[in-house]
file query.txt (compact mmCIF, C-alpha atoms)
# COMPACT_ATOMS: atom_id res chain seq x y z
CA MET A 1 -151.34 100.51 8.29
CA LEU A 2 -149.09 97.79 9.64
CA GLY A 3 -145.79 99.62 9.66
CA PRO A 4 -142.59 98.15 8.23
CA ALA A 5 -142.16 95.48 10.93
CA GLY A 6 -145.81 94.43 10.75
CA LEU A 7 -145.77 94.19 6.98
CA ALA A 8 -142.56 92.15 7.11
CA SER A 9 -143.95 89.72 9.70
CA THR A 10 -147.55 89.23 8.53
CA GLY A 11 -147.18 90.01 4.84
CA PRO A 12 -149.57 91.98 2.67
CA ILE A 13 -152.91 91.22 4.34
CA ILE A 14 -156.09 92.84 3.04
CA PRO A 15 -159.79 92.44 3.90
CA VAL A 16 -161.87 90.42 1.46
CA GLU A 17 -165.52 89.42 1.05
CA LEU A 18 -166.43 86.06 -0.46
CA SER A 19 -169.85 85.31 -1.93
CA ILE A 20 -171.56 83.08 -4.43
CA PRO A 21 -171.29 84.06 -8.12
CA ASP A 22 -174.23 86.00 -9.61
CA GLU A 23 -175.28 83.02 -11.78
CA LEU A 24 -175.50 80.77 -8.74
CA ALA A 25 -177.43 83.47 -6.83
CA ARG A 26 -179.96 83.60 -9.70
CA PHE A 27 -180.28 79.80 -9.62
CA PHE A 28 -180.84 79.81 -5.84
CA SER A 29 -183.42 82.57 -6.22
CA GLU A 30 -185.29 80.72 -9.00
CA LYS A 31 -185.42 77.60 -6.81
CA ASN A 32 -186.56 79.65 -3.77
CA MET A 33 -183.40 78.63 -1.95
CA PRO A 34 -181.84 81.03 0.54
CA ILE A 35 -178.82 82.90 -0.77
CA PRO A 36 -175.92 82.48 1.66
CA ALA A 37 -174.62 85.66 3.27
CA PRO A 38 -171.18 86.85 2.15
CA ILE A 39 -168.23 85.85 4.31
CA THR A 40 -165.56 88.36 5.25
CA GLY A 41 -162.02 87.82 6.44
CA ASN A 42 -158.43 88.56 5.64
CA ALA A 43 -156.57 87.54 2.49
CA LEU A 44 -152.84 87.34 1.91
CA ILE A 45 -151.49 88.68 -1.37
CA ASP A 46 -149.22 85.95 -2.75
CA THR A 47 -147.26 86.89 -5.87
CA GLY A 48 -145.87 83.36 -5.92
CA ALA A 49 -149.31 81.81 -6.41
CA SER A 50 -150.46 81.54 -10.01
CA ILE A 51 -154.09 81.08 -8.96
CA THR A 52 -156.15 82.41 -6.07
CA ALA A 53 -157.04 79.97 -3.30
CA VAL A 54 -160.01 80.20 -0.92
CA ASP A 55 -160.57 78.27 2.29
CA LEU A 56 -162.45 75.10 1.38
CA THR A 57 -164.61 75.14 4.52
CA LEU A 58 -165.94 78.59 3.57
CA ILE A 59 -166.61 77.55 -0.03
CA GLN A 60 -168.63 74.61 1.29
CA GLN A 61 -170.43 76.95 3.73
CA LEU A 62 -171.50 79.06 0.73
CA GLY A 63 -172.88 75.94 -0.99
CA ILE A 64 -170.63 76.16 -4.05
CA ASN A 65 -169.95 72.93 -5.94
CA PRO A 66 -166.63 72.19 -7.65
CA VAL A 67 -166.25 72.84 -11.38
CA GLY A 68 -163.01 70.98 -11.96
CA VAL A 69 -159.67 69.83 -10.57
CA SER A 70 -156.20 71.32 -10.92
CA THR A 71 -152.76 69.96 -10.19
CA VAL A 72 -150.85 72.29 -7.89
CA PHE A 73 -147.25 72.30 -6.77
CA THR A 74 -146.59 73.04 -3.10
CA PRO A 75 -143.50 72.80 -0.90
CA GLN A 76 -144.84 69.38 0.13
CA GLY A 77 -145.07 68.22 -3.49
CA GLN A 78 -147.70 67.83 -6.18
CA ALA A 79 -151.38 67.61 -5.26
CA ALA A 80 -154.81 67.69 -6.92
CA GLN A 81 -157.20 70.37 -5.66
CA GLU A 82 -160.78 71.12 -6.66
CA LEU A 83 -161.68 74.35 -8.44
CA PHE A 84 -164.69 76.50 -7.54
CA PRO A 85 -166.32 79.63 -8.97
CA ILE A 86 -166.59 82.53 -6.53
CA LYS A 87 -167.31 86.24 -6.29
CA LEU A 88 -164.64 88.18 -4.48
CA ALA A 89 -164.78 91.82 -3.33
CA PHE A 90 -162.42 94.06 -1.43
CA PRO A 91 -164.41 96.06 1.17
CA GLY A 92 -163.77 99.79 1.03
CA THR A 93 -163.00 99.63 -2.70
CA THR A 94 -164.94 99.25 -5.92
CA ILE A 95 -163.06 96.05 -6.78
CA ILE A 96 -165.51 93.16 -7.27
CA LEU A 97 -164.38 90.14 -9.26
CA SER A 98 -166.26 87.06 -10.42
CA LEU A 99 -163.82 84.23 -10.85
CA ASN A 100 -164.57 81.07 -12.82
CA ALA A 101 -162.11 79.03 -10.79
CA VAL A 102 -160.22 79.33 -7.52
CA LEU A 103 -158.54 76.53 -5.61
CA GLY A 104 -160.29 75.15 -2.56
CA SER A 105 -157.56 74.96 0.09
CA GLU A 106 -157.16 74.61 3.83
CA LEU A 107 -156.16 78.13 4.90
CA ARG A 108 -157.86 78.74 8.25
CA ASN A 109 -154.83 77.56 10.24
CA GLN A 110 -153.03 80.53 8.67
CA ASN A 111 -155.74 82.95 9.91
CA ILE A 112 -156.70 83.90 6.37
CA VAL A 113 -159.70 83.08 4.18
CA ALA A 114 -157.91 83.48 0.84
CA LEU A 115 -154.58 83.75 -0.94
CA ILE A 116 -154.74 86.35 -3.70
CA GLY A 117 -152.82 84.93 -6.65
CA ARG A 118 -151.57 86.28 -9.94
CA ASN A 119 -154.86 85.52 -11.72
CA ILE A 120 -156.29 88.47 -9.74
CA LEU A 121 -153.10 90.53 -9.54
CA ALA A 122 -152.87 90.48 -13.35
CA ARG A 123 -155.98 92.73 -13.35
CA CYS A 124 -154.71 95.12 -10.65
CA ILE A 125 -152.02 97.57 -9.68
CA LEU A 126 -150.23 96.46 -6.52
CA VAL A 127 -147.96 98.83 -4.63
CA TYR A 128 -145.93 97.23 -1.83
CA ASN A 129 -144.27 100.01 0.14
CA GLY A 130 -141.97 98.26 2.61
CA PRO A 131 -140.35 101.39 4.11
CA LEU A 132 -143.77 102.87 4.95
CA GLY A 133 -145.25 99.46 5.82
CA ASN A 134 -148.33 99.60 3.63
CA ILE A 135 -149.80 98.18 0.46
CA SER A 136 -152.25 99.48 -2.13
CA LEU A 137 -154.35 97.44 -4.54
CA SER A 138 -156.39 99.09 -7.29
CA ILE A 139 -157.80 98.43 -10.73

call {"tool": "encode", "arguments": {"input": "query.txt", "output": "structure tokens"}}
result
Amino acid sequence: MLGPAGLASTGPIIPVELSIPDELARFFSEKNMPIPAPITGNALIDTGASITAVDLTLIQQLGINPVGVSTVFTPQGQAAQELFPIKLAFPGTTIILSLNAVLGSELRNQNIVALIGRNILARCILVYNGPLGNISLSI
């Protein structure tokens, strides 16, 4: 629990685990390639983001290739960003999601590995309790 001041300053941060999608794991296994270990870190829930973004360096570390490109709108203007499939889990919960496309973004300078966008939040119940300084995410 962050408390009201912590929640206000850092935002709704939750632990997350990133791994390769099951289909890619099967492919790696069939080719006798090592399956990369999952990567854990913190994610920021961002109700202003229409799509989830994951740190590009970590996606590359997992060996995931892009599946497309999307045009995104940021405070700095319009940009093209690659899309990647990924498996995302929230440790301590039963929430495990396979996503066909997340944005590959540079997020490490923000001390997060992912931004959780509305494409995930549309599947969940999010409770943001500012006075108590906590959040809850469930399916």

call {"tool": "residues_around", "arguments": {"input": "query.txt", "residues": "Ala122 of chain A", "least_positions_apart": "4", "cutoff": "12 Å", "atoms": "only C-alpha atoms", "output": "count of residues only"}}
result
12

call {"tool": "closest_residue", "arguments": {"input": "query.txt", "among": "A:Ile45, A:Leu107, A:Val127, A:Ala79", "to": "Gly11 of chain A", "atoms": "only C-alpha atoms"}}
result
A:Ile45

call {"tool": "closest_residue", "arguments": {"input": "query.txt", "among": "A:Pro85, A:Ile13, A:Ile125, A:Leu103", "to": "Val72 of chain A", "atoms": "only C-alpha atoms"}}
result
A:Leu103

call {"tool": "closest_residue", "arguments": {"input": "query.txt", "among": "A:Thr10, A:Gln78, A:Ser98, A:Ser19", "to": "Leu44 of chain A", "atoms": "all atoms listed in the file"}}
result
A:Thr10

call {"tool": "atom_distance", "arguments": {"input": "query.txt", "atom1": "atom CA of Tyr128 of chain A", "atom2": "atom CA of Pro12 of chain A"}}
result
7.8 Å

call {"tool": "residues_around", "arguments": {"input": "query.txt", "residues": "segment 55-69 of chain A", "least_positions_apart": "6", "cutoff": "12 Å", "atoms": "all atoms listed in the file", "output": "PyMOL selection string"}}
result
chain A and resi 17-25+27-28+33-44+79-88+99-116

call {"tool": "write_last_selection", "arguments": {"input": "query.txt", "atoms": "C-alpha atoms", "output": "mmCIF file, in the frame of the given file"}}
result
data_model
loop_
_atom_site.group_PDB
_atom_site.id
_atom_site.type_symbol
_atom_site.label_atom_id
_atom_site.label_comp_id
_atom_site.auth_asym_id
_atom_site.auth_seq_id
_atom_site.Cartn_x
_atom_site.Cartn_y
_atom_site.Cartn_z
ATOM 1 C CA GLU A 17 -165.520 89.420 1.050
ATOM 2 C CA LEU A 18 -166.430 86.060 -0.460
ATOM 3 C CA SER A 19 -169.850 85.310 -1.930
ATOM 4 C CA ILE A 20 -171.560 83.080 -4.430
ATOM 5 C CA PRO A 21 -171.290 84.060 -8.120
ATOM 6 C CA ASP A 22 -174.230 86.000 -9.610
ATOM 7 C CA GLU A 23 -175.280 83.020 -11.780
ATOM 8 C CA LEU A 24 -175.500 80.770 -8.740
ATOM 9 C CA ALA A 25 -177.430 83.470 -6.830
ATOM 10 C CA PHE A 27 -180.280 79.800 -9.620
ATOM 11 C CA PHE A 28 -180.840 79.810 -5.840
ATOM 12 C CA MET A 33 -183.400 78.630 -1.950
ATOM 13 C CA PRO A 34 -181.840 81.030 0.540
ATOM 14 C CA ILE A 35 -178.820 82.900 -0.770
ATOM 15 C CA PRO A 36 -175.920 82.480 1.660
ATOM 16 C CA ALA A 37 -174.620 85.660 3.270
ATOM 17 C CA PRO A 38 -171.180 86.850 2.150
ATOM 18 C CA ILE A 39 -168.230 85.850 4.310
ATOM 19 C CA THR A 40 -165.560 88.360 5.250
ATOM 20 C CA GLY A 41 -162.020 87.820 6.440
ATOM 21 C CA ASN A 42 -158.430 88.560 5.640
ATOM 22 C CA ALA A 43 -156.570 87.540 2.490
ATOM 23 C CA LEU A 44 -152.840 87.340 1.910
ATOM 24 C CA ALA A 79 -151.380 67.610 -5.260
ATOM 25 C CA ALA A 80 -154.810 67.690 -6.920
ATOM 26 C CA GLN A 81 -157.200 70.370 -5.660
ATOM 27 C CA GLU A 82 -160.780 71.120 -6.660
ATOM 28 C CA LEU A 83 -161.680 74.350 -8.440
ATOM 29 C CA PHE A 84 -164.690 76.500 -7.540
ATOM 30 C CA PRO A 85 -166.320 79.630 -8.970
ATOM 31 C CA ILE A 86 -166.590 82.530 -6.530
ATOM 32 C CA LYS A 87 -167.310 86.240 -6.290
ATOM 33 C CA LEU A 88 -164.640 88.180 -4.480
ATOM 34 C CA LEU A 99 -163.820 84.230 -10.850
ATOM 35 C CA ASN A 100 -164.570 81.070 -12.820
ATOM 36 C CA ALA A 101 -162.110 79.030 -10.790
ATOM 37 C CA VAL A 102 -160.220 79.330 -7.520
ATOM 38 C CA LEU A 103 -158.540 76.530 -5.610
ATOM 39 C CA GLY A 104 -160.290 75.150 -2.560
ATOM 40 C CA SER A 105 -157.560 74.960 0.090
ATOM 41 C CA GLU A 106 -157.160 74.610 3.830
ATOM 42 C CA LEU A 107 -156.160 78.130 4.900
ATOM 43 C CA ARG A 108 -157.860 78.740 8.250
ATOM 44 C CA ASN A 109 -154.830 77.560 10.240
ATOM 45 C CA GLN A 110 -153.030 80.530 8.670
ATOM 46 C CA ASN A 111 -155.740 82.950 9.910
ATOM 47 C CA ILE A 112 -156.700 83.900 6.370
ATOM 48 C CA VAL A 113 -159.700 83.080 4.180
ATOM 49 C CA ALA A 114 -157.910 83.480 0.840
ATOM 50 C CA LEU A 115 -154.580 83.750 -0.940
ATOM 51 C CA ILE A 116 -154.740 86.350 -3.700
#

call {"tool": "atom_distance", "arguments": {"input": "query.txt", "atom1": "atom CA of Ile95 of chain A", "atom2": "atom CA of Ile14 of chain A"}}
result
12.5 Å

call {"tool": "axis_aligned_box", "arguments": {"input": "query.txt", "around": "segment 43-55 of chain A", "padding_each_side": "8 Å", "output": "lines of an AutoDock Vina configuration file"}}
result
center_x = -153.2
center_y = 83.5
center_z = -3.8
size_x = 30.7
size_y = 26.4
size_z = 28.5

call {"tool": "residues_around", "arguments": {"input": "query.txt", "residues": "Ala5 of chain A", "least_positions_apart": "3", "cutoff": "12 Å", "atoms": "all atoms listed in the file", "output": "VMD selection string"}}
result
chain A and resid 1 to 2 8 to 12 129 to 134

call {"tool": "write_last_selection", "arguments": {"input": "query.txt", "atoms": "C-alpha atoms", "output": "compact mmCIF listing (two decimals), in the frame of the given file"}}
result
# COMPACT_ATOMS: atom_id res chain seq x y z
CA MET A 1 -151.34 100.51 8.29
CA LEU A 2 -149.09 97.79 9.64
CA ALA A 8 -142.56 92.15 7.11
CA SER A 9 -143.95 89.72 9.70
CA THR A 10 -147.55 89.23 8.53
CA GLY A 11 -147.18 90.01 4.84
CA PRO A 12 -149.57 91.98 2.67
CA ASN A 129 -144.27 100.01 0.14
CA GLY A 130 -141.97 98.26 2.61
CA PRO A 131 -140.35 101.39 4.11
CA LEU A 132 -143.77 102.87 4.95
CA GLY A 133 -145.25 99.46 5.82
CA ASN A 134 -148.33 99.60 3.63

call {"tool": "closest_residue", "arguments": {"input": "query.txt", "among": "A:Gly48, A:Lys31, A:Thr71, A:Gly3", "to": "Leu121 of chain A", "atoms": "all atoms listed in the file"}}
result
A:Gly48

call {"tool": "atom_distance", "arguments": {"input": "query.txt", "atom1": "atom CA of Val16 of chain A", "atom2": "atom CA of Phe90 of chain A"}}
result
4.7 Å
